[in-house]
Each structure stands twice: as C-alpha cells, then as structure tokens.
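Trainee: Sharing model09.txt here; it has compact mmCIF, C-alpha atoms and all ligand atoms.
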# COMPACT_ATOMS: atom_id res chain seq x y z
CA MET A 28 37.91 60.74 -93.83
CA ARG A 29 34.12 60.49 -93.86
CA ASP A 30 34.41 56.73 -94.46
CA GLU A 31 36.75 56.44 -91.51
CA SER A 32 34.49 58.33 -89.13
CA SER A 33 31.44 56.33 -90.19
CA ALA A 34 33.45 53.13 -89.66
CA ILE A 35 34.28 54.35 -86.14
CA GLU A 36 30.65 55.28 -85.50
CA ASN A 37 29.53 51.87 -86.64
CA ALA A 38 32.18 50.17 -84.47
CA VAL A 39 31.03 52.11 -81.40
CA HIS A 40 27.44 51.09 -82.15
CA VAL A 41 28.45 47.42 -82.35
CA LEU A 42 30.48 47.62 -79.13
CA ARG A 43 27.74 49.41 -77.19
CA GLY A 44 25.35 46.68 -78.34
CA GLY A 45 27.55 44.00 -76.74
CA GLY A 46 29.23 42.99 -80.01
CA LEU A 47 32.87 42.47 -80.97
CA VAL A 48 35.14 44.71 -83.05
CA ALA A 49 38.77 44.00 -83.90
CA PHE A 50 40.94 47.08 -84.18
CA ALA A 51 44.49 48.12 -85.02
CA THR A 52 46.88 49.17 -82.29
CA GLU A 53 50.57 50.03 -82.56
CA THR A 54 51.54 46.67 -80.98
CA VAL A 55 49.17 44.01 -82.38
CA TYR A 56 45.47 43.97 -83.36
CA GLY A 57 42.99 43.68 -80.49
CA LEU A 58 39.66 41.81 -80.30
CA GLY A 59 37.50 44.36 -78.50
CA ALA A 60 34.29 44.41 -76.48
CA ASP A 61 32.72 46.91 -74.10
CA ALA A 62 34.55 46.13 -70.83
CA GLU A 63 31.30 46.79 -68.97
CA SER A 64 29.21 44.40 -71.08
CA ALA A 65 28.95 40.88 -69.65
CA ARG A 66 27.80 39.61 -73.04
CA GLY A 67 30.56 41.38 -74.99
CA VAL A 68 33.31 40.14 -72.70
CA ALA A 69 31.88 36.61 -72.71
CA SER A 70 31.99 36.57 -76.52
CA ILE A 71 35.69 37.47 -76.48
CA TYR A 72 36.44 34.38 -74.39
CA GLU A 73 34.21 32.23 -76.53
CA ARG A 74 35.55 33.35 -79.93
CA LYS A 75 39.17 33.24 -78.82
CA GLY A 76 38.89 29.94 -76.96
CA ARG A 77 40.57 31.66 -74.04
CA PRO A 78 40.37 30.12 -70.53
CA ALA A 79 37.95 32.11 -68.36
CA ASP A 80 40.50 32.84 -65.65
CA HIS A 81 42.85 34.74 -68.00
CA PRO A 82 42.04 38.42 -67.48
CA LEU A 83 41.81 40.92 -70.36
CA ILE A 84 43.47 44.29 -70.80
CA VAL A 85 41.06 47.24 -70.70
CA HIS A 86 41.97 49.93 -73.25
CA VAL A 87 41.27 53.55 -72.43
CA ALA A 88 41.58 56.85 -74.33
CA SER A 89 43.73 58.62 -71.74
CA GLN A 90 45.34 58.48 -68.33
CA ALA A 91 42.33 60.37 -66.96
CA SER A 92 40.01 57.63 -68.22
CA ALA A 93 42.15 54.98 -66.52
CA CYS A 94 41.30 56.54 -63.14
CA TYR A 95 37.71 55.32 -63.53
CA TRP A 96 39.07 51.75 -63.27
CA ALA A 97 41.91 52.05 -60.78
CA ASN A 98 43.96 54.37 -58.68
CA LEU A 99 47.33 54.32 -60.43
CA GLY A 100 49.26 55.68 -57.47
CA ALA A 101 52.66 57.39 -57.73
CA VAL A 102 54.34 54.57 -59.66
CA GLY A 103 51.49 54.17 -62.14
CA CYS A 104 51.10 57.91 -62.72
CA ALA A 105 54.82 58.26 -63.38
CA LEU A 106 54.79 55.41 -65.92
CA ALA A 107 51.51 56.42 -67.58
CA GLY A 108 52.75 60.03 -67.78
CA ALA A 109 55.94 58.92 -69.49
CA PHE A 110 54.71 56.15 -71.80
CA TRP A 111 50.98 56.68 -72.54
CA PRO A 112 49.65 56.67 -75.10
CA GLY A 113 51.95 53.82 -76.07
CA PRO A 114 52.90 50.15 -75.74
CA LEU A 115 52.69 49.84 -71.95
CA THR A 116 50.10 47.94 -69.88
CA LEU A 117 49.79 48.62 -66.16
CA ILE A 118 48.40 45.98 -63.80
CA ALA A 119 46.78 47.98 -60.98
CA LEU A 120 44.44 47.31 -58.09
CA ARG A 121 40.93 47.59 -59.52
CA ASN A 122 38.45 50.05 -58.02
CA PRO A 123 36.07 47.67 -56.21
CA SER A 124 32.95 49.28 -57.72
CA VAL A 125 33.82 48.77 -61.42
CA ALA A 126 32.57 45.92 -63.61
CA ARG A 127 34.87 42.96 -63.23
CA PHE A 128 33.85 40.95 -66.31
CA ALA A 129 37.20 41.65 -67.95
CA CYS A 130 39.35 40.90 -64.91
CA GLY A 131 39.00 37.13 -64.57
CA LYS A 132 38.83 36.48 -60.86
CA GLU A 133 41.56 39.01 -60.09
CA SER A 134 41.33 42.01 -57.80
CA THR A 135 43.61 43.76 -60.28
CA ILE A 136 43.02 45.18 -63.76
CA GLY A 137 45.24 45.53 -66.81
CA LEU A 138 45.03 49.03 -68.32
CA ARG A 139 46.50 50.28 -71.56
CA CYS A 140 46.22 53.50 -73.54
CA PRO A 141 47.27 52.70 -77.12
CA SER A 142 48.81 55.34 -79.40
CA HIS A 143 47.62 54.13 -82.81
CA PRO A 144 45.49 56.97 -84.25
CA LEU A 145 42.66 54.60 -85.20
CA ALA A 146 42.60 53.05 -81.70
CA GLN A 147 42.64 56.55 -80.21
CA GLN A 148 39.72 57.65 -82.41
CA LEU A 149 37.77 54.54 -81.49
CA LEU A 150 38.40 54.94 -77.76
CA HIS A 151 37.50 58.63 -77.74
CA ALA A 152 34.29 58.00 -79.69
CA PHE A 153 33.48 55.06 -77.42
CA GLU A 154 34.00 57.10 -74.26
CA ASN A 155 32.00 60.02 -75.75
CA SER A 156 29.12 57.58 -76.17
CA GLY A 157 29.17 56.82 -72.44
CA GLY A 158 31.54 53.81 -72.38
CA HIS A 159 34.54 53.58 -70.08
CA GLY A 160 36.91 51.15 -71.74
CA ILE A 161 37.33 48.48 -74.38
CA ALA A 162 38.49 45.08 -73.17
CA ALA A 163 40.75 43.57 -75.81
CA PRO A 164 43.14 40.66 -75.93
CA SER A 165 45.26 40.15 -79.03
CA ALA A 166 42.92 39.20 -81.89
CA ASN A 167 44.17 35.64 -82.40
CA LEU A 168 42.89 32.23 -81.39
CA PHE A 169 44.21 31.29 -77.93
CA GLY A 170 47.86 30.21 -77.94
CA ARG A 171 48.39 31.23 -81.56
CA VAL A 172 50.52 33.93 -83.15
CA SER A 173 49.30 37.50 -82.55
CA PRO A 174 47.95 39.44 -85.56
CA THR A 175 49.90 42.38 -86.97
CA CYS A 176 47.52 43.19 -89.85
CA ALA A 177 43.80 42.93 -90.61
CA GLN A 178 44.33 39.88 -92.83
CA HIS A 179 45.77 37.92 -89.86
CA VAL A 180 42.61 38.67 -87.87
CA ARG A 181 40.46 37.39 -90.74
CA GLU A 182 42.55 34.21 -90.97
CA ASP A 183 41.65 33.37 -87.36
CA PHE A 184 38.07 34.71 -87.12
CA GLY A 185 36.67 34.77 -90.66
CA GLU A 186 35.12 37.59 -92.64
CA ASP A 187 32.09 38.32 -90.48
CA LEU A 188 34.04 40.02 -87.68
CA LEU A 189 34.23 43.80 -88.03
CA VAL A 190 37.90 44.85 -88.30
CA LEU A 191 39.12 48.47 -88.13
CA ASP A 192 42.07 48.19 -90.48
CA GLY A 193 44.95 50.46 -89.50
CA GLY A 194 47.59 48.83 -91.71
CA ASN A 195 50.61 46.91 -90.49
CA ALA A 196 51.28 47.24 -86.76
CA GLN A 197 54.21 49.55 -86.26
CA ILE A 198 55.70 47.63 -83.30
CA GLY A 199 54.49 44.09 -83.95
CA LEU A 200 55.05 42.74 -80.39
CA GLU A 201 52.58 42.99 -77.50
CA SER A 202 52.89 45.78 -74.93
CA THR A 203 55.30 45.66 -72.00
CA ILE A 204 53.27 44.64 -68.93
CA VAL A 205 54.29 46.29 -65.65
CA ASP A 206 52.65 45.25 -62.42
CA ILE A 207 52.09 48.15 -60.02
CA SER A 208 49.49 46.40 -57.85
CA ARG A 209 51.93 45.43 -55.10
CA GLY A 210 53.20 48.95 -54.35
CA PHE A 211 56.30 48.59 -56.53
CA ALA A 212 56.92 48.18 -60.26
CA SER A 213 57.96 44.91 -61.86
CA ILE A 214 57.90 43.71 -65.47
CA LEU A 215 55.59 40.73 -66.12
CA ARG A 216 55.93 40.66 -69.92
CA PRO A 217 58.88 42.21 -71.79
CA GLY A 218 58.11 44.57 -74.67
CA VAL A 219 59.69 47.40 -76.62
CA ILE A 220 59.62 49.64 -73.57
CA GLY A 221 62.53 48.07 -71.71
CA PRO A 222 63.71 48.00 -68.09
CA ASP A 223 66.23 50.81 -68.58
CA GLN A 224 63.59 53.25 -69.86
CA ILE A 225 61.22 52.30 -67.05
CA ASN A 226 63.94 52.61 -64.44
CA ASP A 227 64.94 56.07 -65.71
CA VAL A 228 61.38 57.33 -65.24
CA LEU A 229 61.06 55.81 -61.79
CA ALA A 230 64.52 56.81 -60.61
CA ALA A 231 63.76 60.46 -61.42
CA ARG A 232 61.07 60.17 -58.72
CA GLY A 233 63.12 58.22 -56.22
CA LEU A 234 61.34 54.96 -57.19
CA ARG A 235 62.75 51.79 -58.64
CA LEU A 236 61.89 48.79 -60.81
CA LEU A 237 62.21 45.44 -59.05
CA ASP A 238 63.38 42.31 -60.82
CA GLU A 239 60.56 39.75 -60.84
CA ASN A 240 63.09 36.91 -60.84
CA ARG A 241 64.30 37.99 -57.44
CA LEU A 242 60.85 38.25 -55.91
CA PRO A 243 59.04 35.35 -54.24
CA ALA A 244 57.52 33.35 -57.11
CA GLN A 245 54.00 33.13 -55.71
CA SER A 246 53.56 36.88 -55.44
CA ALA A 247 53.27 37.76 -59.14
CA PRO A 248 49.82 38.29 -60.68
CA LYS A 249 49.02 35.76 -63.37
CA VAL A 250 49.80 36.58 -67.00
CA SER A 251 48.81 34.12 -69.74
CA GLY A 252 51.53 35.57 -71.94
CA SER A 253 53.88 34.13 -69.34
CA LEU A 254 52.82 30.57 -70.10
CA ALA A 255 55.94 28.90 -71.47
CA ALA A 256 53.98 27.88 -74.57
CA HIS A 257 52.48 30.86 -76.36
CA TYR A 258 52.70 32.83 -79.61
CA ALA A 259 53.15 29.52 -81.37
CA PRO A 260 53.24 28.60 -85.06
CA ARG A 261 51.75 25.27 -86.14
CA SER A 262 55.04 23.87 -87.46
CA PRO A 263 57.72 22.87 -84.93
CA LEU A 264 60.16 25.74 -84.38
CA THR A 265 63.75 25.35 -83.19
CA LEU A 266 66.02 28.14 -82.04
CA THR A 267 69.63 27.43 -82.99
CA THR A 268 72.87 29.22 -82.19
CA SER A 269 74.69 30.86 -85.09
CA ALA A 270 77.51 28.34 -84.67
CA ASN A 271 75.17 25.34 -85.08
CA LEU A 272 72.83 26.74 -87.71
CA ARG A 273 74.43 25.44 -90.90
CA ALA A 274 75.10 21.96 -89.56
CA SER A 275 71.60 21.48 -88.11
CA VAL A 276 69.89 22.75 -91.25
CA ALA A 277 72.10 20.49 -93.41
CA GLN A 278 71.21 17.53 -91.17
CA LEU A 279 67.47 18.21 -91.44
CA ILE A 280 67.68 18.47 -95.24
CA ALA A 281 69.75 15.27 -95.41
CA ASN A 282 66.98 13.57 -93.42
CA GLY A 283 64.48 14.60 -96.08
CA ARG A 284 62.84 17.37 -94.03
CA THR A 285 61.54 20.52 -95.70
CA VAL A 286 62.63 23.51 -93.64
CA ALA A 287 61.95 27.24 -93.46
CA VAL A 288 64.81 29.24 -92.00
CA CYS A 289 65.20 32.73 -90.56
CA SER A 290 68.85 33.66 -90.24
CA ARG A 291 71.29 36.40 -91.10
CA ASP A 292 72.82 34.44 -94.03
CA ARG A 293 71.10 31.87 -96.20
CA PRO A 294 72.28 28.32 -95.43
CA ASP A 295 73.00 26.08 -98.45
CA GLY A 296 70.05 24.25 -99.98
CA VAL A 297 67.35 26.24 -98.16
CA VAL A 298 64.37 27.16 -100.35
CA HIS A 299 62.17 28.96 -97.78
CA TRP A 300 64.38 31.56 -96.21
CA GLU A 301 63.77 34.89 -94.53
CA GLN A 302 66.69 37.18 -93.77
CA ALA A 303 66.80 38.06 -90.07
CA ALA A 304 66.71 41.79 -89.38
CA ASP A 305 69.90 43.03 -87.76
CA ASN A 306 68.06 45.15 -85.17
CA PRO A 307 65.29 44.27 -82.69
CA VAL A 308 62.87 46.97 -83.90
CA ASP A 309 62.67 45.65 -87.46
CA TYR A 310 62.83 42.05 -86.26
CA GLY A 311 59.91 42.53 -83.84
CA GLN A 312 57.82 44.31 -86.45
CA ARG A 313 58.16 41.40 -88.86
CA LEU A 314 58.27 38.39 -86.49
CA TYR A 315 54.60 37.37 -86.31
CA ALA A 316 53.97 37.95 -90.02
CA MET A 317 56.95 35.71 -90.72
CA LEU A 318 55.71 32.92 -88.43
CA ARG A 319 52.26 33.10 -90.00
CA ALA A 320 53.77 33.06 -93.52
CA PHE A 321 55.92 30.03 -92.63
CA ASP A 322 52.77 28.28 -91.44
CA GLN A 323 51.25 28.63 -94.93
CA LEU A 324 54.16 26.68 -96.46
CA PRO A 325 54.39 22.90 -96.93
CA ILE A 326 57.24 22.56 -94.42
CA ASP A 327 58.15 20.14 -91.63
CA GLN A 328 60.26 22.43 -89.51
CA ILE A 329 61.08 26.09 -88.82
CA VAL A 330 64.65 26.90 -87.80
CA VAL A 331 65.47 30.33 -86.38
CA GLU A 332 68.97 31.60 -85.67
CA SER A 333 68.95 32.86 -82.08
CA PRO A 334 69.23 36.63 -81.89
CA PRO A 335 71.73 38.17 -79.42
CA SER A 336 70.83 37.73 -75.75
CA THR A 337 71.34 41.42 -74.96
CA PRO A 338 68.62 43.50 -73.20
CA ALA A 339 67.62 45.23 -76.45
CA TRP A 340 66.55 41.87 -77.88
CA SER A 341 64.71 40.61 -74.78
CA ALA A 342 61.13 41.03 -76.09
CA VAL A 343 61.97 39.34 -79.42
CA LEU A 344 63.83 36.51 -77.67
CA ASP A 345 61.00 36.02 -75.17
CA ARG A 346 58.45 35.53 -78.00
CA LEU A 347 60.78 33.22 -79.95
CA GLN A 348 61.38 31.04 -76.89
CA ARG A 349 57.65 30.74 -76.19
CA ALA A 350 57.01 30.04 -79.88
CA GLN A 351 59.58 27.24 -79.70
CA THR A 352 57.92 25.71 -76.62
CA GLY A 353 54.38 25.93 -77.99
CA SER A 354 55.02 25.11 -81.64
CA GLY A 355 53.97 22.00 -83.52
CA ARG A 356 51.02 21.14 -81.29
O1 LIG B 401 49.83 44.99 -76.88
C1 LIG B 401 48.97 44.44 -76.19
O2 LIG B 401 49.02 44.39 -74.97
C2 LIG B 401 47.78 43.80 -76.95
C3 LIG B 401 46.98 44.91 -77.61
C4 LIG B 401 45.73 44.39 -78.28
O3 LIG B 401 46.69 45.91 -76.68
N1 LIG B 401 46.98 43.03 -76.06
C5 LIG B 401 47.37 41.85 -75.56
O4 LIG B 401 46.38 41.22 -74.81
O5 LIG B 401 48.47 41.37 -75.76
P1 LIG B 401 46.47 39.70 -74.39
O6 LIG B 401 45.18 39.41 -73.72
O7 LIG B 401 46.79 38.88 -75.58
O8 LIG B 401 47.60 39.67 -73.34
C6 LIG B 401 47.39 40.37 -72.14
C7 LIG B 401 48.09 39.72 -71.01
C8 LIG B 401 47.56 38.34 -70.72
O9 LIG B 401 48.68 37.50 -70.55
C9 LIG B 401 46.77 38.51 -69.44
O10 LIG B 401 46.79 37.36 -68.64
C10 LIG B 401 47.51 39.66 -68.79
O11 LIG B 401 47.86 40.50 -69.84
N2 LIG B 401 46.63 40.40 -67.87
C11 LIG B 401 45.56 41.15 -68.16
N3 LIG B 401 44.99 41.60 -67.04
C12 LIG B 401 45.70 41.14 -66.01
C13 LIG B 401 45.62 41.23 -64.59
N4 LIG B 401 44.65 41.90 -64.00
N5 LIG B 401 46.53 40.60 -63.84
C14 LIG B 401 47.52 39.90 -64.43
N6 LIG B 401 47.66 39.76 -65.77
C15 LIG B 401 46.77 40.36 -66.55
MG MG B 402 47.65 37.44 -76.69
Do you think you could lay out the structure here as structure tokens?
Ligand code: TXA
Ligand code: MG

Mentor:
Amino acid sequence: MRDESSAIENAVHVLRGGGLVAFATETVYGLGADAESARGVASIYERKGRPADHPLIVHVASQASACYWANLGAVGCALAGAFWPGPLTLIALRNPSVARFACGKESTIGLRCPSHPLAQQLLHAFENSGGHGIAAPSANLFGRVSPTCAQHVREDFGEDLLVLDGGNAQIGLESTIVDISRGFASILRPGVIGPDQINDVLAARGLRLLDENRLPAQSAPKVSGSLAAHYAPRSPLTLTTSANLRASVAQLIANGRTVAVCSRDRPDGVVHWEQAADNPVDYGQRLYAMLRAFDQLPIDQIVVESPPSTPAWSAVLDRLQRAQTGSGR
C-alpha cells in the first residue's frame, strides 16, 4: 500500500515536471503527460511517432473535473452520468480558454474518466497537486497493437519509461468514442459500451443516438482510430469465414507457409494455434495479447476465423478488420 502510494506520488512528480508516465486503465495502458504541459504533450507525440494533427484524449478523475475542459451539455452529462468512470470517451466542444496542446488543431476535446483503481488514484493525486487532466493515447508505437499489460508497454518504449503496473487490462479494447460536439450523439469508435446501452440512456431523456453512417461524411470529427489501417500486427493477418478456414489454412501450409491461427477448432497441421473465445468479452480481453504473442513467433501469416457479425461483436470485429488492413507493413 505504501509502495503504491509512493509510486503514485512519484508519477505525479514526473508528470508535473513535464515528463511521461504510462499507466494502467481498464481498457488499455495509456502513455500520459500533463495535458497543460506543452513539453509533456510534445514528448507523447515524439515517443509514439504519432502525427501532430491526431488529438489526444484527456483523462480526468471525475465528471466535475471534465467541466474544466468543456461544457458537456445535456447529452454529455447523461452519458457521463451513466458510464463514467468507465470505458467511454466523449468528444466535446473545448472551452476556448483551456490549453489546447492535447487537442491537435481541433476546437473539440476528447475526455475520458477511467475506472481502473490505479488510474483513479493517479488522477485524483494529480488533480490534488493542481493539475487538471492527463493527456494519454494508448501506450504503443503509432499504428501498432495497443498494450494490455505493463510488459507490452516496455516492449514498445523500453525500460526507462515509468509504468504504473495495474495488471492485465480488464477490457482489453479501447474506449467507445462518442461525439457530442455537434449537438447530438454519434459513435466514432465502437467499444464495449455499445449503441443499445447508449441509446437506452439517451432515450430515457428524450434524446437519441444518430448513426454516423447516415450522416454527411465530412461532418465527423477526425479519429485516428478510424484509419482503416490501425491496431496492426507485423505479420500479415487474414480474416477468414468459418466455412473457408480449413481449406485456406491447408493451402497456406501446402505452399510451405508457417501460420498462426485463431479459431474455434484447431485446423489440421497447425502448430501455433489459439482457441477463439466464444464470447466478445473474453475475446476482446485477449485479442491484443494474442496479436503481440503471434508477432513473437517465426511465422509468415496469421489467420483469424471471423467472429459473428452481430452487434455484440462489433468492437472486436472493428479491431480485427483494421488489423487486417494494417498488418504486414
Ligand atoms: O481506451 C482508450 O480510449 C485509451 C486509454 C488509454 O484511455 N486511449 C486511447 O487513445 O485509445 P488513442 O489516442 O490511442 O485513441 C484516441 C482516439 C484517437 O483516434 C484520436 O484521434 C481520437 O481519439 N480523438 C481524441 N481527441 C479527439 C478530438 N478532439 N476529436 C476527434 N477525435 C479525437
Ligand atoms: Mg491508440
């Protein structure tokens, strides 16, 4: 307990000095800096190799702390009240007076209040020291697989980065991003909080979630997670229907390719195999660790059996499709 609180104290000291600290959240690990420190935020971009126009999410201890950065309005307050602390990011119109280092060139800001106890302790201690929020993207090199444990962070950034180790991420997929900056709610990045849950909260207040696919394309704020290529392993990854799985794996092996496969049943002749979880919660929790583990193997190709295309699987499917597009580069 004492060790933990001195680790938090030290982390706050580093952040307030403009340094970087990686920390556990319930979704994935974040690479944090004081959102009001130009130097801290600049080092995030530099260490991650992230393009300067991709804004960061600012993490806050509570809904009350979010109000420093933006007026959440009726839609934002309803969603924050229902899902914070938790795996939801709100894109809101930024208060014009706040530091905009973390916001790219946008007039909006991404805000998230994580529920992981370690992240909560860090944010409370940080705000008690006079800070207002910790800017943190996922703690991976740009375009690579997000980290779900401290070891993943060290693989990408080495041993000299301070990491607050909170064990394996409970969710394992990044937060659901909901844009509220246009006066209505719309999902920009799917996550474990799904459209039905969001709609229930809004409907109770006479509000409603709009489908981004039906809105004019140019109106959506930019989200780098919405690049088609993202969350990518180094080896080429192919998503295959259940019906085609056995034949395509057999063909690859016949062509002398070494494959790693994630599927419900083990295809013949496959050495590197991971059994696919039969539910999206367990699948999501394990997905990034699996992709990173496959990348450590001497393989030519990753083959993944497509999960069902039902709403419950949408966050998992979204990440797998982007991994397929970005893989092997
Ligand atoms: O679960 C999560 O959200 C994790 C943990 C660490 O909190 N964070 C995370 O951050 O996934 P990152 O930077 O890897 O992804 C955040 C996404 C990016 O695609 C970014 O472009 C988008 O949020 N974003 C942030 N602020 C935005 C804004 N003002 N307008 C539009 N998109 C924004
Ligand atoms: Mg990321």

Trainee: Mind dumping a table of every chain A residue within 9 Å of ligand MG 402 (chain B), with the nearest atom pair and its distance in Å to one decimal, using only C-alpha atoms and all ligand atoms, sorted by chain and rising number, as a tab-separated table?

Mentor:
residue	atom	partner	partner_atom	distance
A:Val55	CA	B:MG402	MG	8.8
A:Gly57	CA	B:MG402	MG	8.7
A:Pro164	CA	B:MG402	MG	5.6
A:Ser165	CA	B:MG402	MG	4.3
A:Ala166	CA	B:MG402	MG	7.2
A:Asn167	CA	B:MG402	MG	6.9
A:Leu168	CA	B:MG402	MG	8.5
A:Phe169	CA	B:MG402	MG	7.2
A:Gly170	CA	B:MG402	MG	7.3
A:Arg171	CA	B:MG402	MG	7.9
A:Val172	CA	B:MG402	MG	7.9
A:Ser173	CA	B:MG402	MG	6.1
A:Glu201	CA	B:MG402	MG	7.5
A:Ser251	CA	B:MG402	MG	7.8
A:Gly252	CA	B:MG402	MG	6.4
A:His257	CA	B:MG402	MG	8.2
A:Tyr258	CA	B:MG402	MG	7.4

Trainee: Set the cut-off to 7 Å, count all atoms listed in the file, and list whatever residues fall near ligand LIG 401 (chain B) as a PyMOL selection string.

Mentor: chain A and resi 52+54-58+81-84+114+116+118+130+133+135-137+139+141+163-166+200-202+204+248-253

Trainee: Place a sphere of radius 10 Å on (51.1, 46.2, -61.3) in the file coordinates and name every protein, DNA or RNA residue with an atom inside or on its surface, counting only C-alpha atoms; give the answer as an NGL selection string.

Mentor: :A and (99 or 102-103 or 116-120 or 135-138 or 204-215 or 247-248)

Trainee: Neighbours of stretch 276-281 of chain A within 12 Å (all atoms listed in the file; same-chain residues fewer than 6 positions away dropped), as an NGL selection string?

Mentor: :A and (265-270 or 287-290 or 293-300 or 326-332)

Trainee: Of the residues A:Ala107, A:Ala38, A:Ala97, A:Val180, which is the one nearest to A:Ser134, using all atoms listed in the file?

Mentor: A:Ala97

Trainee: Set the distance at 7 Å and use all atoms listed in the file: which residues neighbour stretch 336-352 of chain A once local chain neighbours fewer than 5 positions away are removed? I'd like the list as a list of chain:residue names.

Mentor: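 These residues fall inside the cut-off: A:Pro217, A:Gly218, A:Val219, A:Ala255, A:Ala256, A:His257, A:Tyr258, A:Ala259, A:Pro260, A:Leu264, A:Thr265, A:Leu266, A:Pro307, A:Gly311.
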
Trainee: Given the point (35.4, 51.7, -86.0) in the file's coordinates, find the residues that have an atom at most 10 Å from it, counting only C-alpha atoms, and give them as a list in words.

Mentor: Asp30, Glu31, Ser32, Ser33, Ala34, Ile35, Glu36, Asn37, Ala38, Val39, His40, Val41, Leu42, Val48, Ala49, Phe50, Ala51, Leu145, Ala146, Gln148, Leu149, Leu150, Ala152, Phe153, Leu189, Val190, Leu191 and Asp192 of chain A

Trainee: Mind giving me the straight-line distance from atom CA of A:Glu63 to atom CA of A:Gly158 in Å, one decimal?

Mentor: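 Separation between atom CA of A:Glu63 and atom CA of A:Gly158: 7.8 Å.
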
Trainee: Just how far from atom CA of A:Lys75 is atom CA of A:Asn122, in Å to one decimal?

Mentor: 26.8 Å

Trainee: Report, in Å to a single decimal, how far apart atom CA of A:Leu242 and atom CA of A:Leu106 are.

Mentor: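 Value for the atom CA of A:Leu106-atom CA of A:Leu242 distance: 20.8 Å.
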
Trainee: Which residue gives the smallest distance to A:Gly67 among A:Ser354, A:Asn226, A:Phe128, A:Ser275, with only C-alpha atoms counted?

Mentor: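 Ranked by minimum distance to A:Gly67, first place goes to A:Phe128.
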
Trainee: Find the residue from A:Pro335, A:Pro174, A:Gly45, A:Pro112 that sits nearest to A:Ala162; use all atoms listed in the file when measuring.

Mentor: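 Answer, going by the shortest atom-to-atom distance: A:Gly45.
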
Trainee: Given the choices A:Ser124, A:Ser89, A:Asn98, A:Asn195, which gets closest to A:His151 if the distance is worked out from all atoms listed in the file?

Mentor: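 Using all atoms listed in the file, A:His151 sits closest to A:Ser89.
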
Trainee: Point out the residue among A:Arg356, A:Arg319, A:Arg241, A:Arg232 with the least atom-to-atom distance to A:Ala109, counting all atoms listed in the file.

Mentor: A:Arg232

Trainee: Which one of A:Asp61, A:Glu239, A:Asp187, A:Asp292 sits closest to A:His159 if you count only C-alpha atoms?

Mentor: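 Ranking A:Asp61, A:Glu239, A:Asp187, A:Asp292 by distance to A:His159, first place goes to A:Asp61.
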
Trainee: Tell me, as an MDAnalysis selection string, which residues lie within 7 Å of A:Gln312, counting all atoms listed in the file; anything in the same chain fewer than 6 positions away does not count.

Mentor: chainID A and resid 197:200
